[in-house]
$ cat protein_13.txt   # compact mmCIF, C-alpha atoms
# COMPACT_ATOMS: atom_id res chain seq x y z
CA MET P 1 -12.53 19.87 60.90
CA HIS P 2 -12.42 16.75 58.80
CA LYS P 3 -15.07 16.32 56.19
CA PRO P 4 -16.22 12.77 55.86
CA TRP P 5 -15.04 11.55 52.49
CA LEU P 6 -16.82 8.77 50.74
CA ILE P 7 -14.83 6.42 48.65
CA GLY P 8 -15.98 3.35 46.87
CA ASN P 9 -19.50 3.57 48.14
CA PHE P 10 -22.23 2.24 45.94
CA ILE P 11 -25.51 0.46 46.07
CA TYR P 12 -25.52 -3.05 44.82
CA LYS P 13 -28.86 -4.77 44.76
CA GLY P 14 -30.02 -3.61 48.14
CA TYR P 15 -26.63 -3.63 49.84
CA PHE P 16 -25.40 -0.16 50.58
CA ILE P 17 -21.66 -0.28 50.86
CA LYS P 18 -20.10 2.76 52.38
CA ALA P 19 -16.76 3.67 53.81
CA MET P 20 -15.97 6.74 55.80
CA VAL P 21 -12.47 8.02 55.41
CA THR P 22 -11.38 11.55 56.16
CA GLU P 23 -9.97 13.67 53.38
CA GLU P 24 -6.65 13.93 55.17
CA GLU P 25 -6.34 10.22 55.57
CA LEU P 26 -7.10 9.73 51.90
CA ALA P 27 -4.49 12.26 50.84
CA ASN P 28 -1.83 10.48 52.86
CA MET P 29 -2.61 7.09 51.40
CA SER P 30 -0.46 5.41 48.81
CA PRO P 31 -2.15 4.14 45.63
CA GLU P 32 -1.82 0.59 46.98
CA GLN P 33 -3.63 1.59 50.15
CA VAL P 34 -6.40 3.27 48.17
CA GLN P 35 -6.77 0.11 46.14
CA GLU P 36 -6.85 -1.92 49.32
CA LEU P 37 -9.58 0.36 50.64
CA GLN P 38 -11.61 -0.04 47.48
CA LYS P 39 -11.17 -3.77 47.80
CA GLN P 40 -12.43 -3.69 51.37
CA ASN P 41 -15.54 -1.88 50.24
CA CYS P 42 -16.26 -4.05 47.24
CA ILE P 43 -19.19 -6.38 47.70
CA PHE P 44 -17.84 -8.72 45.04
CA CYS P 45 -14.49 -8.99 46.77
CA HIS P 46 -16.46 -10.06 49.86
CA ILE P 47 -18.36 -12.60 47.78
CA ILE P 48 -15.07 -13.92 46.41
CA SER P 49 -13.55 -14.23 49.86
CA GLY P 50 -16.72 -15.95 51.07
CA LYS P 51 -17.76 -13.27 53.61
CA VAL P 52 -20.99 -12.69 51.69
CA ALA P 53 -23.03 -15.72 50.68
CA SER P 54 -23.70 -16.37 47.00
CA LYS P 55 -24.76 -19.13 44.68
CA LYS P 56 -21.48 -20.25 43.22
CA ILE P 57 -21.54 -21.97 39.86
CA TYR P 58 -17.88 -22.34 39.09
CA GLU P 59 -14.68 -21.42 40.84
CA ASP P 60 -10.99 -21.75 40.18
CA ASP P 61 -7.91 -19.80 41.22
CA LYS P 62 -8.53 -16.92 38.81
CA VAL P 63 -12.29 -16.53 38.38
CA LEU P 64 -15.58 -17.11 40.13
CA ALA P 65 -18.99 -17.49 38.50
CA ILE P 66 -22.10 -16.78 40.57
CA LEU P 67 -25.82 -16.44 39.89
CA ASP P 68 -27.03 -12.84 39.72
CA ILE P 69 -29.64 -12.26 42.42
CA ASN P 70 -31.56 -9.84 40.21
CA PRO P 71 -31.36 -11.67 36.92
CA ALA P 72 -32.36 -10.42 33.49
CA ASN P 73 -33.37 -13.99 32.75
CA PRO P 74 -33.32 -17.23 34.76
CA GLY P 75 -29.73 -18.44 34.88
CA HIS P 76 -28.10 -15.00 34.55
CA ILE P 77 -24.49 -15.55 35.58
CA LEU P 78 -21.83 -13.09 36.70
CA LEU P 79 -18.28 -14.12 35.92
CA LEU P 80 -15.95 -12.29 38.28
CA ILE P 81 -12.22 -11.99 38.19
CA LYS P 82 -10.80 -12.64 41.66
CA GLU P 83 -8.31 -9.80 41.58
CA HIS P 84 -9.99 -6.41 42.10
CA TYR P 85 -10.04 -4.45 38.84
CA GLN P 86 -12.50 -1.69 38.06
CA ILE P 87 -12.41 -1.57 34.29
CA MET P 88 -11.14 -3.69 31.45
CA PRO P 89 -8.04 -1.70 30.38
CA GLN P 90 -6.51 -2.40 33.81
CA ILE P 91 -6.67 -6.16 33.36
CA PRO P 92 -3.74 -8.07 31.87
CA ASP P 93 -4.40 -9.67 28.48
CA ASP P 94 -3.95 -13.20 29.76
CA ASP P 95 -6.61 -12.79 32.43
CA ILE P 96 -9.07 -11.33 29.93
CA SER P 97 -8.49 -14.26 27.58
CA TYR P 98 -8.97 -16.68 30.44
CA MET P 99 -12.27 -15.02 31.37
CA PHE P 100 -13.55 -15.28 27.81
CA MET P 101 -12.59 -18.93 27.55
CA VAL P 102 -14.44 -19.71 30.79
CA ALA P 103 -17.37 -17.62 29.53
CA LYS P 104 -17.53 -19.77 26.41
CA ALA P 105 -17.61 -22.94 28.51
CA ILE P 106 -20.33 -21.53 30.78
CA SER P 107 -22.34 -20.37 27.79
CA HIS P 108 -22.12 -23.92 26.48
CA ALA P 109 -23.35 -25.22 29.83
CA CYS P 110 -26.33 -22.83 29.68
CA LEU P 111 -27.33 -24.13 26.27
CA LYS P 112 -26.99 -27.71 27.43
CA VAL P 113 -28.54 -27.65 30.88
CA LEU P 114 -30.98 -24.73 30.90
CA LYS P 115 -32.29 -25.51 27.41
CA ALA P 116 -31.49 -21.95 26.40
CA GLN P 117 -31.73 -21.15 22.70
CA GLY P 118 -28.96 -18.61 22.82
CA THR P 119 -26.79 -16.60 25.17
CA ASN P 120 -25.71 -13.01 25.48
CA ILE P 121 -22.23 -12.35 26.77
CA PHE P 122 -22.14 -8.78 27.95
CA ILE P 123 -19.64 -6.43 29.53
CA ALA P 124 -20.42 -2.99 30.89
CA ASN P 125 -17.22 -1.05 31.12
CA GLY P 126 -17.60 2.24 32.98
CA ALA P 127 -20.56 3.72 34.86
CA LEU P 128 -21.94 5.34 31.73
CA ALA P 129 -22.09 1.95 30.04
CA GLY P 130 -24.25 0.63 32.87
CA GLN P 131 -21.59 -0.68 35.22
CA LYS P 132 -23.00 -0.60 38.74
CA ALA P 133 -20.26 -2.09 40.85
CA SER P 134 -16.60 -1.16 40.94
CA HIS P 135 -15.57 -4.75 40.28
CA PHE P 136 -15.06 -5.89 36.71
CA MET P 137 -17.42 -8.64 35.63
CA LEU P 138 -18.80 -10.39 32.62
CA HIS P 139 -22.49 -11.22 32.30
CA ILE P 140 -23.70 -14.42 30.70
CA ILE P 141 -27.43 -14.33 30.06
CA PRO P 142 -29.25 -17.39 28.72
CA ARG P 143 -31.94 -16.47 26.20
CA ILE P 144 -35.05 -18.04 24.79
CA ASN P 145 -37.14 -16.75 21.91
CA THR P 146 -40.08 -15.76 24.07
CA ASP P 147 -38.28 -14.05 26.95
CA GLY P 148 -39.18 -10.54 25.78
CA ILE P 149 -35.75 -9.00 26.35
CA LYS P 150 -35.17 -6.36 23.72
CA ILE P 151 -32.18 -4.45 25.04
CA PHE P 152 -29.64 -6.61 23.23
CA ASP P 153 -31.19 -6.03 19.81
CA LEU P 154 -28.99 -3.24 18.55
CA PRO P 155 -30.71 -0.30 16.85
CA GLU P 156 -29.41 1.14 13.60
CA LYS P 157 -28.35 4.71 12.98
CA SER P 158 -27.12 6.38 9.86
CA ILE P 159 -23.78 8.08 10.33
CA GLN P 160 -22.03 10.33 7.84
CA GLU P 161 -19.36 8.74 5.70
CA ASN P 162 -16.68 11.32 6.51
CA ILE P 163 -17.17 10.86 10.27
CA LEU P 164 -16.85 7.10 9.88
CA GLU P 165 -13.69 7.52 7.83
CA GLN P 166 -12.23 9.82 10.49
CA ILE P 167 -13.01 7.30 13.23
CA ARG P 168 -11.55 4.48 11.16
CA ALA P 169 -8.27 6.27 10.55
CA GLY P 170 -7.89 7.31 14.19
CA LEU P 171 -8.69 3.89 15.64
CA SER P 172 -6.65 2.00 13.09
CA ASN P 173 -3.54 4.03 13.87
CA LYS P 174 -3.99 3.74 17.62
CA ILE P 175 -4.63 -0.01 17.61
CA ASN P 176 -1.66 -0.71 15.39
CA GLU P 177 0.41 1.45 17.69
CA LEU P 178 -0.81 -0.55 20.70
CA PHE P 179 0.16 -3.78 18.97
CA GLY P 180 3.49 -2.26 17.99
CA ILE P 181 2.77 -2.50 14.27
CA LYS P 182 4.03 0.25 12.05
CA LYS P 183 1.55 0.34 9.24
CA GLU P 184 1.56 2.89 6.52
CA GLU P 185 -1.76 4.13 5.34
CA PRO P 186 -2.54 2.84 1.86
CA ILE P 187 -2.10 5.57 -0.74
CA VAL P 188 -5.40 6.99 -1.85
CA LEU P 189 -5.39 7.08 -5.64
CA ASP P 190 -6.96 10.46 -6.32
CA LYS P 191 -4.23 12.14 -4.26
CA LYS P 192 -0.74 12.06 -5.67
CA PRO P 193 2.05 11.33 -3.21
CA GLU P 194 3.76 14.44 -1.93
CA GLY P 195 6.81 15.80 -3.72
CA ILE P 196 5.86 14.62 -7.17
CA GLY P 197 2.64 16.42 -7.90
CA SER P 198 2.32 18.70 -4.94
CA LYS P 199 1.30 21.64 -7.10
CA THR P 200 -2.34 21.72 -8.01
CA GLU P 201 -3.59 22.06 -11.59
CA LYS P 202 -4.60 25.67 -11.04
CA GLU P 203 -1.15 26.70 -9.83
CA LYS P 204 0.49 24.97 -12.78
CA HIS P 205 -1.83 26.76 -15.17
CA GLU P 206 -0.96 30.13 -13.63
CA GLU P 207 2.77 29.39 -13.80
CA LYS P 208 2.51 28.61 -17.49
CA LYS P 209 0.63 31.83 -18.09
CA GLU P 210 3.34 33.82 -16.33
CA GLU P 211 6.05 32.17 -18.39
CA LEU P 212 4.22 32.97 -21.60
CA THR P 213 3.73 36.62 -20.71
CA LYS P 214 7.45 36.90 -19.80
CA LYS P 215 8.43 35.48 -23.16
CA GLU P 216 6.10 37.86 -24.91
CA LYS P 217 7.71 40.79 -23.10
CA ASP P 218 11.21 39.55 -23.94
CA ASN P 219 10.34 39.05 -27.57
CA LYS P 220 8.86 42.51 -27.97
CA GLY P 221 10.82 44.52 -30.47
CA LYS P 222 12.76 41.46 -31.62
CA LYS P 223 12.04 39.83 -34.89
CA PRO P 224 10.76 36.38 -34.47
CA GLU P 225 13.50 33.91 -35.27
CA ILE P 226 12.61 30.83 -37.15
CA ASP P 227 14.28 27.76 -35.82
CA LEU P 228 13.84 24.88 -38.24
CA ASP P 229 15.05 22.29 -35.75
CA LYS P 230 12.37 23.32 -33.27
CA ILE P 231 9.70 23.04 -35.89
CA SER P 232 10.85 19.63 -37.04
CA ASN P 233 10.98 18.39 -33.42
CA PHE P 234 7.51 19.73 -32.89
CA MET P 235 6.23 17.94 -35.98
CA ILE P 236 7.76 14.62 -34.94
CA LYS P 237 6.32 14.86 -31.46
CA ASN P 238 2.82 15.60 -32.67
CA GLU P 239 2.76 12.99 -35.41
CA PRO P 240 -0.25 10.75 -34.86
CA GLU P 241 0.64 7.18 -33.96
CA LYS P 242 -0.21 4.54 -36.46
CA MET A 1 -19.20 -24.11 2.17
CA ASN A 2 -22.50 -22.80 0.93
CA GLN A 3 -23.01 -20.91 4.19
CA LYS A 4 -19.63 -19.34 3.79
CA ASN A 5 -20.34 -18.18 0.26
CA ASN A 6 -23.55 -16.48 1.30
CA CYS A 7 -22.03 -14.86 4.37
CA GLU A 8 -21.70 -11.08 4.07
CA PHE A 9 -18.82 -11.02 6.53
CA CYS A 10 -16.85 -13.80 4.88
CA GLN A 11 -16.98 -11.67 1.76
CA ILE A 12 -15.69 -8.70 3.74
CA VAL A 13 -12.87 -10.89 5.08
CA GLY A 14 -12.12 -12.00 1.52
CA LYS A 15 -12.11 -8.34 0.40
CA LYS A 16 -14.95 -8.97 -2.05
CA VAL A 17 -17.03 -6.40 -0.21
CA ASN A 18 -15.61 -3.10 1.04
CA ALA A 19 -15.65 -2.22 4.70
CA LYS A 20 -13.94 0.19 7.02
CA ARG A 21 -11.14 -1.97 8.35
CA ILE A 22 -9.63 -1.02 11.66
CA PHE A 23 -7.36 -3.89 12.51
CA GLU A 24 -6.37 -7.07 10.80
CA ASP A 25 -4.06 -9.97 11.46
CA GLU A 26 -3.91 -13.53 10.18
CA LYS A 27 -6.78 -14.75 12.35
CA ALA A 28 -9.02 -11.80 13.09
CA LEU A 29 -10.53 -8.72 11.51
CA ALA A 30 -12.04 -5.63 13.13
CA ILE A 31 -14.25 -3.31 11.09
CA LEU A 32 -16.61 -0.44 11.71
CA SER A 33 -20.11 -1.88 11.67
CA PRO A 34 -21.95 -1.45 8.34
CA HIS A 35 -25.14 -1.10 10.44
CA PRO A 36 -23.89 1.04 13.32
CA CYS A 37 -25.88 1.67 16.50
CA CYS A 38 -23.62 4.64 17.26
CA ALA A 39 -20.53 6.34 15.86
CA GLY A 40 -17.61 3.99 16.44
CA HIS A 41 -19.58 0.74 16.69
CA ILE A 42 -16.95 -1.93 16.02
CA LEU A 43 -17.30 -5.56 14.98
CA LEU A 44 -14.51 -7.97 15.75
CA MET A 45 -14.68 -11.34 14.03
CA PRO A 46 -12.55 -14.37 13.38
CA LYS A 47 -11.61 -14.69 9.73
CA GLU A 48 -12.77 -18.27 9.63
CA HIS A 49 -16.53 -18.79 9.43
CA PHE A 50 -18.18 -19.80 12.71
CA SER A 51 -21.84 -19.35 13.56
CA ILE A 52 -21.77 -19.43 17.35
CA ILE A 53 -19.19 -19.12 20.10
CA GLU A 54 -19.33 -22.86 20.86
CA GLN A 55 -17.72 -23.58 17.49
CA VAL A 56 -14.86 -21.15 17.98
CA PRO A 57 -11.74 -22.82 19.38
CA ASP A 58 -10.58 -21.61 22.80
CA TYR A 59 -7.24 -20.34 21.59
CA LEU A 60 -8.99 -18.17 19.02
CA ILE A 61 -11.25 -16.72 21.70
CA ALA A 62 -8.17 -15.93 23.76
CA HIS A 63 -6.65 -14.22 20.75
CA LEU A 64 -9.82 -12.21 20.05
CA SER A 65 -10.17 -11.09 23.64
CA LYS A 66 -6.67 -9.64 23.60
CA ILE A 67 -7.69 -7.57 20.59
CA ILE A 68 -10.89 -6.48 22.38
CA ASN A 69 -8.77 -5.17 25.22
CA LYS A 70 -6.61 -3.13 22.86
CA ILE A 71 -9.60 -1.85 20.91
CA SER A 72 -11.36 -0.70 24.05
CA ILE A 73 -8.25 1.18 25.16
CA ALA A 74 -8.10 2.86 21.74
CA VAL A 75 -11.81 3.69 21.92
CA PHE A 76 -11.33 5.38 25.30
CA GLU A 77 -8.44 7.45 24.02
CA ILE A 78 -9.36 8.29 20.44
CA LEU A 79 -13.12 8.64 20.61
CA GLN A 80 -13.14 10.08 24.15
CA ALA A 81 -15.71 7.46 25.10
CA LYS A 82 -16.81 7.43 28.72
CA GLY A 83 -17.42 3.72 28.68
CA THR A 84 -17.69 0.70 26.45
CA ASN A 85 -20.13 -2.12 26.11
CA ILE A 86 -18.95 -5.44 24.78
CA LEU A 87 -21.68 -7.71 23.55
CA ILE A 88 -21.84 -11.14 22.02
CA GLN A 89 -25.15 -12.21 20.53
CA ASN A 90 -24.99 -15.94 20.48
CA GLY A 91 -27.94 -17.45 18.68
CA VAL A 92 -30.99 -15.95 17.00
CA ALA A 93 -32.82 -15.91 20.33
CA ALA A 94 -30.08 -13.65 21.66
CA GLY A 95 -30.49 -11.14 18.83
CA GLN A 96 -27.89 -12.50 16.41
CA LYS A 97 -28.65 -11.23 12.94
CA THR A 98 -25.72 -12.54 10.93
CA ASN A 99 -24.45 -16.04 10.48
CA HIS A 100 -20.87 -15.06 11.26
CA PHE A 101 -19.75 -15.07 14.89
CA MET A 102 -18.71 -11.59 15.99
CA ILE A 103 -18.13 -9.42 19.02
CA HIS A 104 -19.66 -5.95 19.22
CA ILE A 105 -17.66 -3.18 20.84
CA ILE A 106 -19.83 -0.15 21.47
CA PRO A 107 -18.33 3.13 22.69
CA ARG A 108 -20.64 4.98 25.05
CA LYS A 109 -21.15 8.66 25.56
CA GLU A 110 -23.61 10.73 27.53
CA ASN A 111 -27.09 10.90 26.00
CA ASP A 112 -26.26 8.56 23.15
CA GLY A 113 -29.71 7.04 23.25
CA LEU A 114 -28.51 3.54 24.01
CA ASP A 115 -29.65 1.60 27.01
CA PHE A 116 -28.56 -1.84 28.16
CA GLN A 117 -30.40 -1.86 31.48
CA TRP A 118 -32.53 -4.87 32.04
CA GLN A 119 -35.66 -5.31 34.09
CA PRO A 120 -34.79 -7.77 36.87
CA LYS A 121 -36.95 -10.87 36.99
CA GLN A 122 -38.09 -12.30 40.29
CA LEU A 123 -37.27 -15.94 40.88
CA ASN A 124 -38.03 -17.83 44.04
CA GLU A 125 -35.45 -19.62 46.14
CA GLU A 126 -36.34 -23.01 44.73
CA GLN A 127 -35.93 -21.95 41.11
CA MET A 128 -32.56 -20.37 41.88
CA SER A 129 -31.37 -23.50 43.66
CA THR A 130 -32.31 -25.83 40.81
CA ILE A 131 -30.51 -23.57 38.32
CA GLU A 132 -27.50 -23.47 40.62
CA LEU A 133 -27.34 -27.24 40.97
CA ASN A 134 -27.82 -27.90 37.26
CA LEU A 135 -25.18 -25.42 36.20
CA LYS A 136 -22.72 -26.56 38.86
CA GLU A 137 -22.96 -30.06 37.49
CA ALA A 138 -22.47 -28.87 33.92
CA THR A 139 -19.47 -26.65 34.65
CA LYS A 140 -17.46 -29.34 36.43
CA GLY A 141 -15.48 -30.11 33.31
CA ILE A 142 -14.22 -26.56 32.78
CA GLY A 143 -10.52 -26.09 33.11
CA GLU A 144 -8.93 -27.70 30.10
CA PHE A 145 -8.77 -25.41 27.13
CA GLU A 146 -7.84 -26.23 23.58
CA LYS A 147 -4.45 -25.02 22.56
CA GLU A 148 -3.43 -24.12 19.10
CA GLU A 149 -1.57 -26.83 17.26
CA LYS A 150 1.51 -25.32 15.83
CA ARG A 151 2.15 -26.56 12.34
CA PRO A 152 5.64 -26.32 10.99
CA VAL A 153 5.46 -24.14 7.94
CA LYS A 154 7.55 -24.52 4.76
CA LEU A 155 10.51 -25.82 6.73
CA ASP A 156 9.47 -29.38 5.87
CA ARG A 157 9.97 -28.85 2.18
CA GLU A 158 13.48 -27.50 2.58
CA ILE A 159 14.44 -30.48 4.66
CA GLU A 160 12.99 -32.81 2.04
CA LYS A 161 15.00 -31.08 -0.65
CA ILE A 162 18.19 -31.47 1.30
CA ASP A 163 17.36 -35.12 1.89
CA LYS A 164 16.91 -35.72 -1.80
CA GLU A 165 20.14 -33.95 -2.63
CA GLU A 166 21.93 -35.95 -0.02
CA ASN A 167 20.45 -39.14 -1.37
CA TYR A 168 21.58 -38.14 -4.81
CA LEU A 169 25.08 -37.51 -3.53
CA ILE A 170 25.09 -40.78 -1.69
CA LYS A 171 23.98 -42.55 -4.84
CA GLN A 172 26.76 -40.83 -6.72
CA LEU A 173 29.19 -41.95 -4.09
CA GLU A 174 27.91 -45.48 -4.30
CA ARG A 175 28.48 -45.55 -8.02
CA ILE A 176 32.15 -44.80 -7.58
CA PRO A 177 33.87 -48.10 -7.59

$ encode --input "protein_13.txt" --output "structure tokens"
Amino acid sequence: MHKPWLIGNFIYKGYFIKAMVTEEELANMSPEQVQELQKQNCIFCHIISGKVASKKIYEDDKVLAILDINPANPGHILLLIKEHYQIMPQIPDDDISYMFMVAKAISHACLKVLKAQGTNIFIANGALAGQKASHFMLHIIPRINTDGIKIFDLPEKSIQENILEQIRAGLSNKINELFGIKKEEPIVLDKKPEGIGSKTEKEKHEEKKEELTKKEKDNKGKKPEIDLDKISNFMIKNEPEK
Amino acid sequence: MNQKNNCEFCQIVGKKVNAKRIFEDEKALAILSPHPCCAGHILLMPKEHFSIIEQVPDYLIAHLSKIINKISIAVFEILQAKGTNILIQNGVAAGQKTNHFMIHIIPRKENDGLDFQWQPKQLNEEQMSTIELNLKEATKGIGEFEKEEKRPVKLDREIEKIDKEENYLIKQLERIP
């Protein structure tokens, strides 16, 4: 018995896109074939190829901009990359840069033509971030003061200093690693670099105590010798500076 | 200039104000937001002062977006985020609170209390068509992007020096009868 296996099915604005593939078939597929299947079931790939009608704003060989049919605001634009990618980390740097440059130009057009007072450029990366389709896209939403959209006003939270510091250190290392930069963490002043002052004050204090007690034991029974050189050295050292 | 002096983020760039720096190069700076909406809320900004995206040169946007890509990979791996939101607030009407252009990168986790779902607005066919036509007309010019002018650095001076020395030598030569 083959169970029907759903892959790449989702609801996009009233379209229910579904593909039935058996589990066995899926297991035998190469990653390229799986990708091809996802592509076949992607409504935005159909829009790009022209099989599904849309209101196209701008098109070139890399990207396509269309009007969202359920807009947050009049003039809400979706900027799609023609190649099928699900999330941002899959996309090559050059394509991402190209998308952002086109987004800037479209945002400019919104300000000019739609008399918008501002724009939001928004990316939802991953289902938990609000991504609804499996095709990567960038939203450009024209805004006016009185439109009543409040979701893009970011709230403020207070977060503990040590957690922030932990996040900072982790991210900083990882990003520098991704860029191939070897960056040493700046030395924090209240910690001494290792090797020089690795022993803490307490330990040092205890060591001194031990030494003193040893000397006391050794000197028991002996008459204390008076070393004039030692005394003179001691005096010179402790002479107050003028 | 006055705007720049009053700008909180220009002061952070100039290291007059402390911030949790994550990444820095000659053109851009990424910090943890001083007013975070969640743990790991990152601000990425150009070091030069711009108010809105329209003022930022294309090549700088390209540069910033490459950094966004790297940051979002790092956020996925280090913070175990299940998703990221990238947001640009362009203009006061769009929720911009600071005068310095910046890109928000917001790591998302389950039940983090954030919500970027909008209520769809209903537009009729005619309204959509007019918007389509207007925008189509306005986006015709897209395609040529500014490229960074590469300025030769320091090399000029060295060449000048050599020139002067050569001239001096030539003069010396000329003096020899």

$ closest_residue --input "protein_13.txt" --among "A:Asp112, A:Glu48, A:Asp25, A:Glu132" --to "chain P" --atoms "all atoms listed in the file"
A:Glu132

$ interface_residues --input "protein_13.txt" --of "chain P" --to "chain A" --cutoff "7 Å" --atoms "only C-alpha atoms" --output "PDB file with C-alpha atoms, keeping the file's coordinate frame"
ATOM      1  CA  LYS P  55     -24.760 -19.130  44.680  1.00  0.00           C
ATOM      2  CA  ILE P  57     -21.540 -21.970  39.860  1.00  0.00           C
ATOM      3  CA  TYR P  58     -17.880 -22.340  39.090  1.00  0.00           C
ATOM      4  CA  ASN P  70     -31.560  -9.840  40.210  1.00  0.00           C
ATOM      5  CA  PRO P  71     -31.360 -11.670  36.920  1.00  0.00           C
ATOM      6  CA  ALA P  72     -32.360 -10.420  33.490  1.00  0.00           C
ATOM      7  CA  ASN P  73     -33.370 -13.990  32.750  1.00  0.00           C
ATOM      8  CA  GLY P  75     -29.730 -18.440  34.880  1.00  0.00           C
ATOM      9  CA  MET P  88     -11.140  -3.690  31.450  1.00  0.00           C
ATOM     10  CA  PRO P  89      -8.040  -1.700  30.380  1.00  0.00           C
ATOM     11  CA  ASP P  93      -4.400  -9.670  28.480  1.00  0.00           C
ATOM     12  CA  ILE P  96      -9.070 -11.330  29.930  1.00  0.00           C
ATOM     13  CA  SER P  97      -8.490 -14.260  27.580  1.00  0.00           C
ATOM     14  CA  TYR P  98      -8.970 -16.680  30.440  1.00  0.00           C
ATOM     15  CA  PHE P 100     -13.550 -15.280  27.810  1.00  0.00           C
ATOM     16  CA  MET P 101     -12.590 -18.930  27.550  1.00  0.00           C
ATOM     17  CA  LYS P 104     -17.530 -19.770  26.410  1.00  0.00           C
ATOM     18  CA  ALA P 105     -17.610 -22.940  28.510  1.00  0.00           C
ATOM     19  CA  ILE P 106     -20.330 -21.530  30.780  1.00  0.00           C
ATOM     20  CA  HIS P 108     -22.120 -23.920  26.480  1.00  0.00           C
ATOM     21  CA  ALA P 109     -23.350 -25.220  29.830  1.00  0.00           C
ATOM     22  CA  VAL P 113     -28.540 -27.650  30.880  1.00  0.00           C
ATOM     23  CA  GLN P 117     -31.730 -21.150  22.700  1.00  0.00           C
ATOM     24  CA  GLY P 118     -28.960 -18.610  22.820  1.00  0.00           C
ATOM     25  CA  THR P 119     -26.790 -16.600  25.170  1.00  0.00           C
ATOM     26  CA  ASN P 120     -25.710 -13.010  25.480  1.00  0.00           C
ATOM     27  CA  ILE P 121     -22.230 -12.350  26.770  1.00  0.00           C
ATOM     28  CA  PHE P 122     -22.140  -8.780  27.950  1.00  0.00           C
ATOM     29  CA  ILE P 123     -19.640  -6.430  29.530  1.00  0.00           C
ATOM     30  CA  ALA P 124     -20.420  -2.990  30.890  1.00  0.00           C
ATOM     31  CA  ASN P 125     -17.220  -1.050  31.120  1.00  0.00           C
ATOM     32  CA  GLY P 126     -17.600   2.240  32.980  1.00  0.00           C
ATOM     33  CA  ALA P 127     -20.560   3.720  34.860  1.00  0.00           C
ATOM     34  CA  LEU P 128     -21.940   5.340  31.730  1.00  0.00           C
ATOM     35  CA  ALA P 129     -22.090   1.950  30.040  1.00  0.00           C
ATOM     36  CA  GLY P 130     -24.250   0.630  32.870  1.00  0.00           C
ATOM     37  CA  ARG P 143     -31.940 -16.470  26.200  1.00  0.00           C
ATOM     38  CA  ILE P 144     -35.050 -18.040  24.790  1.00  0.00           C
ATOM     39  CA  ASN P 145     -37.140 -16.750  21.910  1.00  0.00           C
ATOM     40  CA  ILE P 151     -32.180  -4.450  25.040  1.00  0.00           C
ATOM     41  CA  PHE P 152     -29.640  -6.610  23.230  1.00  0.00           C
ATOM     42  CA  ASP P 153     -31.190  -6.030  19.810  1.00  0.00           C
ATOM     43  CA  LEU P 154     -28.990  -3.240  18.550  1.00  0.00           C
ATOM     44  CA  PRO P 155     -30.710  -0.300  16.850  1.00  0.00           C
ATOM     45  CA  GLU P 156     -29.410   1.140  13.600  1.00  0.00           C
ATOM     46  CA  LYS P 157     -28.350   4.710  12.980  1.00  0.00           C
ATOM     47  CA  ILE P 159     -23.780   8.080  10.330  1.00  0.00           C
ATOM     48  CA  ILE P 167     -13.010   7.300  13.230  1.00  0.00           C
ATOM     49  CA  ARG P 168     -11.550   4.480  11.160  1.00  0.00           C
ATOM     50  CA  GLY P 170      -7.890   7.310  14.190  1.00  0.00           C
ATOM     51  CA  LEU P 171      -8.690   3.890  15.640  1.00  0.00           C
ATOM     52  CA  SER P 172      -6.650   2.000  13.090  1.00  0.00           C
ATOM     53  CA  LYS P 174      -3.990   3.740  17.620  1.00  0.00           C
ATOM     54  CA  ILE P 175      -4.630  -0.010  17.610  1.00  0.00           C
ATOM     55  CA  LEU P 178      -0.810  -0.550  20.700  1.00  0.00           C
TER      56      LEU P 178
END

$ closest_residue --input "protein_13.txt" --among "P:Leu80, P:Met29, P:Val34, P:Leu228" --to "Ser49 in chain P" --atoms "only C-alpha atoms"
P:Leu80

$ atom_distance --input "protein_13.txt" --atom1 "CA of Asn162 in chain P" --atom2 "CA of Asn6 in chain A"
29.1 Å

$ atom_distance --input "protein_13.txt" --atom1 "CA of Tyr85 in chain P" --atom2 "CA of Cys45 in chain P"
10.2 Å

$ atom_distance --input "protein_13.txt" --atom1 "CA of Glu8 in chain A" --atom2 "CA of Gln160 in chain P"
21.7 Å

$ decode --input "protein_13.txt" --residues "range 51-62 of chain P" --atoms "C-alpha atoms" --output "short mmCIF file (atom, residue, chain, number, x, y, z; two decimals), in the first residue's frame"
data_model
loop_
_atom_site.label_atom_id
_atom_site.label_comp_id
_atom_site.auth_asym_id
_atom_site.auth_seq_id
_atom_site.Cartn_x
_atom_site.Cartn_y
_atom_site.Cartn_z
CA LYS P 51 0.71 30.10 -16.51
CA VAL P 52 -1.12 32.02 -13.79
CA ALA P 53 -2.22 35.56 -14.54
CA SER P 54 -0.90 38.42 -12.42
CA LYS P 55 -0.51 42.16 -12.50
CA LYS P 56 3.11 42.57 -13.46
CA ILE P 57 4.84 45.77 -12.49
CA TYR P 58 8.39 45.10 -13.50
CA GLU P 59 10.21 42.20 -15.06
CA ASP P 60 13.74 41.42 -16.12
CA ASP P 61 15.76 38.24 -16.49
CA LYS P 62 16.33 37.80 -12.75
#
